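Shown here: upload-v2.cif, mmCIF, C-alpha atoms.
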data_entry
#
loop_
_atom_site.label_atom_id
_atom_site.label_comp_id
_atom_site.auth_asym_id
_atom_site.auth_seq_id
_atom_site.Cartn_x
_atom_site.Cartn_y
_atom_site.Cartn_z
CA MET A 1 0.00 0.00 0.00
CA SER A 2 1.38 3.41 -0.92
CA ASN A 3 2.05 6.10 1.64
CA GLU A 4 -0.67 8.23 0.06
CA ILE A 5 -3.32 5.52 0.40
CA SER A 6 -2.25 4.73 3.95
CA PHE A 7 -2.48 8.38 4.91
CA PHE A 8 -5.85 8.74 3.15
CA ALA A 9 -7.23 5.88 5.26
CA TYR A 10 -5.78 7.43 8.42
CA LEU A 11 -7.21 10.85 7.53
CA LEU A 12 -10.61 9.34 6.76
CA GLU A 13 -10.72 7.55 10.12
CA LYS A 14 -9.56 10.60 12.09
CA TYR A 15 -11.88 12.97 10.26
CA ALA A 16 -14.83 10.63 10.82
CA GLU A 17 -13.97 10.57 14.52
CA TYR A 18 -13.69 14.39 14.53
CA LYS A 19 -17.12 14.68 12.85
CA ASN A 20 -18.62 11.82 14.87
CA GLU A 21 -19.63 10.02 11.65
CA ASP A 22 -19.00 6.55 10.35
CA THR A 23 -16.29 6.23 7.72
CA ALA A 24 -18.54 4.67 5.08
CA SER A 25 -20.99 7.58 5.01
CA LEU A 26 -18.16 10.09 5.16
CA LEU A 27 -16.39 8.41 2.25
CA LEU A 28 -19.63 8.55 0.27
CA LYS A 29 -19.95 12.29 1.02
CA TRP A 30 -16.38 12.85 -0.15
CA GLU A 31 -17.08 10.90 -3.35
CA ASN A 32 -20.30 12.81 -4.03
CA SER A 33 -18.58 16.14 -3.39
CA ASN A 34 -15.61 15.25 -5.61
CA LEU A 35 -13.31 15.73 -2.62
CA MET A 36 -11.42 12.45 -2.84
CA GLU A 37 -9.17 13.50 -5.71
CA TYR A 38 -8.51 16.86 -4.06
CA ILE A 39 -7.63 15.21 -0.75
CA MET A 40 -5.27 12.78 -2.49
CA GLN A 41 -3.58 15.67 -4.30
CA MET A 42 -3.12 17.47 -0.97
CA TYR A 43 -1.16 14.56 0.52
CA PRO A 44 2.22 16.35 0.29
CA MET A 45 0.92 19.14 2.49
CA TYR A 46 -1.54 17.26 4.69
CA HIS A 47 0.92 14.65 5.90
CA THR A 48 3.46 17.26 7.02
CA GLU A 49 1.10 19.52 8.96
CA ARG A 50 -1.15 19.12 11.97
CA ILE A 51 -4.10 16.95 11.00
CA GLU A 52 -6.46 19.68 12.21
CA ASN A 53 -5.23 21.82 9.31
CA ALA A 54 -6.44 19.14 6.91
CA PHE A 55 -9.77 19.02 8.77
CA ALA A 56 -10.20 22.79 8.40
CA ASP A 57 -9.34 22.64 4.71
CA ILE A 58 -11.77 19.79 4.08
CA ASP A 59 -14.48 21.61 6.07
CA LYS A 60 -14.05 24.67 3.82
CA ARG A 61 -14.59 22.52 0.72
CA SER A 62 -17.37 20.29 2.01
CA VAL A 63 -20.89 20.71 0.80
#
Written as structure tokens, that's how I'd like the structure from this file.
Amino acid sequence: MSNEISFFAYLLEKYAEYKNEDTASLLLKWENSNLMEYIMQMYPMYHTERIENAFADIDKRSV
């Protein structure tokens, strides 16, 4: 498994915990909002910063 995919799974789990949602419904929301590709592209920045920065960025882009 690539580092990007591993981090994506970690981010999904932590973000779901932060939002108090289950990962399956959150993943579906990200897919429907076209956020998955964006989040994957942001890996270089997300994995080097505090995870809360990624949460804030995703919150800004969420529908």
For Tyr15 of chain A, please output as a PDB file with C-alpha atoms, in the frame of the given file all residues within 9 Å (counting all atoms listed in the file; exclusion window: fewer than 6 positions along the same chain).
ATOM      1  CA  GLU A  21     -19.630  10.020  11.650  1.00  0.00           C
ATOM      2  CA  THR A  23     -16.290   6.230   7.720  1.00  0.00           C
ATOM      3  CA  LEU A  26     -18.160  10.090   5.160  1.00  0.00           C
ATOM      4  CA  ILE A  51      -4.100  16.950  11.000  1.00  0.00           C
ATOM      5  CA  GLU A  52      -6.460  19.680  12.210  1.00  0.00           C
ATOM      6  CA  ALA A  54      -6.440  19.140   6.910  1.00  0.00           C
ATOM      7  CA  PHE A  55      -9.770  19.020   8.770  1.00  0.00           C
TER       8      PHE A  55
END
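Closest to Asp57 of chain A among A:Phe7, A:Asn20, A:Met42, A:Ser2 is A:Met42, based on all atoms listed in the file.
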*In Å, how far is it from atom CA of Leu27 of chain A to atom CA of Lys14 of chain A?*
12.2 Å
*asked:* Taking 3 positions as the minimum chain separation for residues in the same chain, which residues sit within 12 Å of Ala24 of chain A when counting all atoms listed in the file? Answer as a VMD selection string.
replied: chain A and resid 9 12 to 13 15 to 16 21 27 to 31
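The neighbours of Tyr38 of chain A here are the residues that come within 12 Å of it, using only C-alpha atoms and leaving out any residue fewer than 3 positions away in the same chain; they are Phe8, Trp30, Glu31, Ser33, Asn34, Leu35, Gln41, Met42, Tyr43, Pro44, Met45, Tyr46, Ala54, Asp57, Ile58, Arg61 and Ser62 of chain A.
Nearest-residue note for Ile5 of chain A: choosing from A:Asn53, A:Glu37, A:Tyr18, A:Asn32, the minimum distance belongs to A:Glu37, counting all atoms listed in the file.
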*For the atom pair atom CA of Asn3 of chain A and atom CA of Ile39 of chain A, what is the interatomic distance in Å to one decimal place?*
13.5 Å
Determine the axis-aligned bounding box of all atoms of segment 14-19 of chain A present in the file, pad each side by 6 Å, and express its centre and edge lengths in Å to one decimal place as JSON.
{"center_x": -13.3, "center_y": 12.6, "center_z": 12.4, "size_x": 19.6, "size_y": 16.1, "size_z": 16.3}
Slice of the block: segment 2-14 of chain A, all heavy atoms, as a compact mmCIF listing (two decimals), in the first residue's frame:
# COMPACT_ATOMS: atom_id res chain seq x y z
N SER A 2 0.56 2.20 -0.84
CA SER A 2 1.38 3.41 -0.92
C SER A 2 1.19 4.28 0.32
O SER A 2 0.21 4.17 1.05
CB SER A 2 1.00 4.21 -2.17
OG SER A 2 -0.28 4.81 -2.01
N ASN A 3 2.15 5.16 0.52
CA ASN A 3 2.05 6.10 1.64
C ASN A 3 0.81 6.98 1.52
O ASN A 3 0.17 7.30 2.52
CB ASN A 3 3.30 6.98 1.71
CG ASN A 3 4.52 6.22 2.14
OD1 ASN A 3 4.43 5.17 2.76
ND2 ASN A 3 5.68 6.75 1.82
N GLU A 4 0.49 7.37 0.29
CA GLU A 4 -0.67 8.23 0.06
C GLU A 4 -1.96 7.54 0.46
O GLU A 4 -2.82 8.13 1.11
CB GLU A 4 -0.73 8.68 -1.42
CG GLU A 4 0.35 9.64 -1.82
CD GLU A 4 1.64 8.97 -2.26
OE1 GLU A 4 1.78 7.71 -2.14
OE2 GLU A 4 2.55 9.69 -2.71
N ILE A 5 -2.11 6.27 0.07
CA ILE A 5 -3.32 5.52 0.40
C ILE A 5 -3.40 5.27 1.90
O ILE A 5 -4.47 5.39 2.51
CB ILE A 5 -3.37 4.19 -0.39
CG1 ILE A 5 -3.45 4.47 -1.89
CG2 ILE A 5 -4.54 3.34 0.07
CD1 ILE A 5 -4.67 5.24 -2.35
N SER A 6 -2.27 4.93 2.50
CA SER A 6 -2.25 4.73 3.95
C SER A 6 -2.66 5.99 4.69
O SER A 6 -3.45 5.94 5.63
CB SER A 6 -0.85 4.30 4.41
OG SER A 6 -0.52 3.05 3.92
N PHE A 7 -2.12 7.13 4.25
CA PHE A 7 -2.48 8.38 4.91
C PHE A 7 -3.94 8.73 4.66
O PHE A 7 -4.63 9.22 5.56
CB PHE A 7 -1.58 9.54 4.44
CG PHE A 7 -1.91 10.82 5.13
CD1 PHE A 7 -1.47 11.05 6.43
CD2 PHE A 7 -2.67 11.79 4.52
CE1 PHE A 7 -1.80 12.22 7.10
CE2 PHE A 7 -3.00 12.96 5.17
CZ PHE A 7 -2.56 13.18 6.46
N PHE A 8 -4.44 8.47 3.46
CA PHE A 8 -5.85 8.74 3.15
C PHE A 8 -6.74 7.96 4.11
O PHE A 8 -7.70 8.52 4.66
CB PHE A 8 -6.17 8.38 1.70
CG PHE A 8 -7.59 8.67 1.33
CD1 PHE A 8 -7.96 9.92 0.90
CD2 PHE A 8 -8.56 7.68 1.41
CE1 PHE A 8 -9.28 10.20 0.56
CE2 PHE A 8 -9.88 7.95 1.08
CZ PHE A 8 -10.24 9.22 0.65
N ALA A 9 -6.44 6.70 4.34
CA ALA A 9 -7.23 5.88 5.26
C ALA A 9 -7.15 6.43 6.67
O ALA A 9 -8.17 6.51 7.38
CB ALA A 9 -6.75 4.43 5.22
N TYR A 10 -5.97 6.83 7.09
CA TYR A 10 -5.78 7.43 8.42
C TYR A 10 -6.59 8.72 8.54
O TYR A 10 -7.30 8.93 9.52
CB TYR A 10 -4.29 7.69 8.65
CG TYR A 10 -3.98 8.51 9.87
CD1 TYR A 10 -4.03 7.94 11.14
CD2 TYR A 10 -3.63 9.85 9.76
CE1 TYR A 10 -3.74 8.69 12.28
CE2 TYR A 10 -3.34 10.61 10.88
CZ TYR A 10 -3.40 10.03 12.14
OH TYR A 10 -3.12 10.78 13.25
N LEU A 11 -6.48 9.58 7.53
CA LEU A 11 -7.21 10.85 7.53
C LEU A 11 -8.71 10.61 7.56
O LEU A 11 -9.44 11.26 8.31
CB LEU A 11 -6.82 11.68 6.31
CG LEU A 11 -7.53 13.02 6.14
CD1 LEU A 11 -7.24 13.95 7.31
CD2 LEU A 11 -7.10 13.68 4.84
N LEU A 12 -9.19 9.67 6.78
CA LEU A 12 -10.61 9.34 6.76
C LEU A 12 -11.08 8.90 8.15
O LEU A 12 -12.11 9.39 8.64
CB LEU A 12 -10.88 8.23 5.74
CG LEU A 12 -12.30 7.69 5.67
CD1 LEU A 12 -13.28 8.78 5.23
CD2 LEU A 12 -12.37 6.49 4.74
N GLU A 13 -10.34 8.03 8.78
CA GLU A 13 -10.72 7.55 10.12
C GLU A 13 -10.70 8.67 11.14
O GLU A 13 -11.64 8.81 11.95
CB GLU A 13 -9.78 6.43 10.56
CG GLU A 13 -9.97 5.16 9.79
CD GLU A 13 -8.96 4.09 10.15
OE1 GLU A 13 -8.16 4.30 11.09
OE2 GLU A 13 -8.97 3.04 9.49
N LYS A 14 -9.67 9.51 11.12
CA LYS A 14 -9.56 10.60 12.09
C LYS A 14 -10.60 11.68 11.84
O LYS A 14 -11.18 12.24 12.78
CB LYS A 14 -8.15 11.20 12.07
CG LYS A 14 -7.10 10.27 12.61
CD LYS A 14 -7.41 9.94 14.07
CE LYS A 14 -6.37 9.08 14.70
NZ LYS A 14 -6.68 8.75 16.09
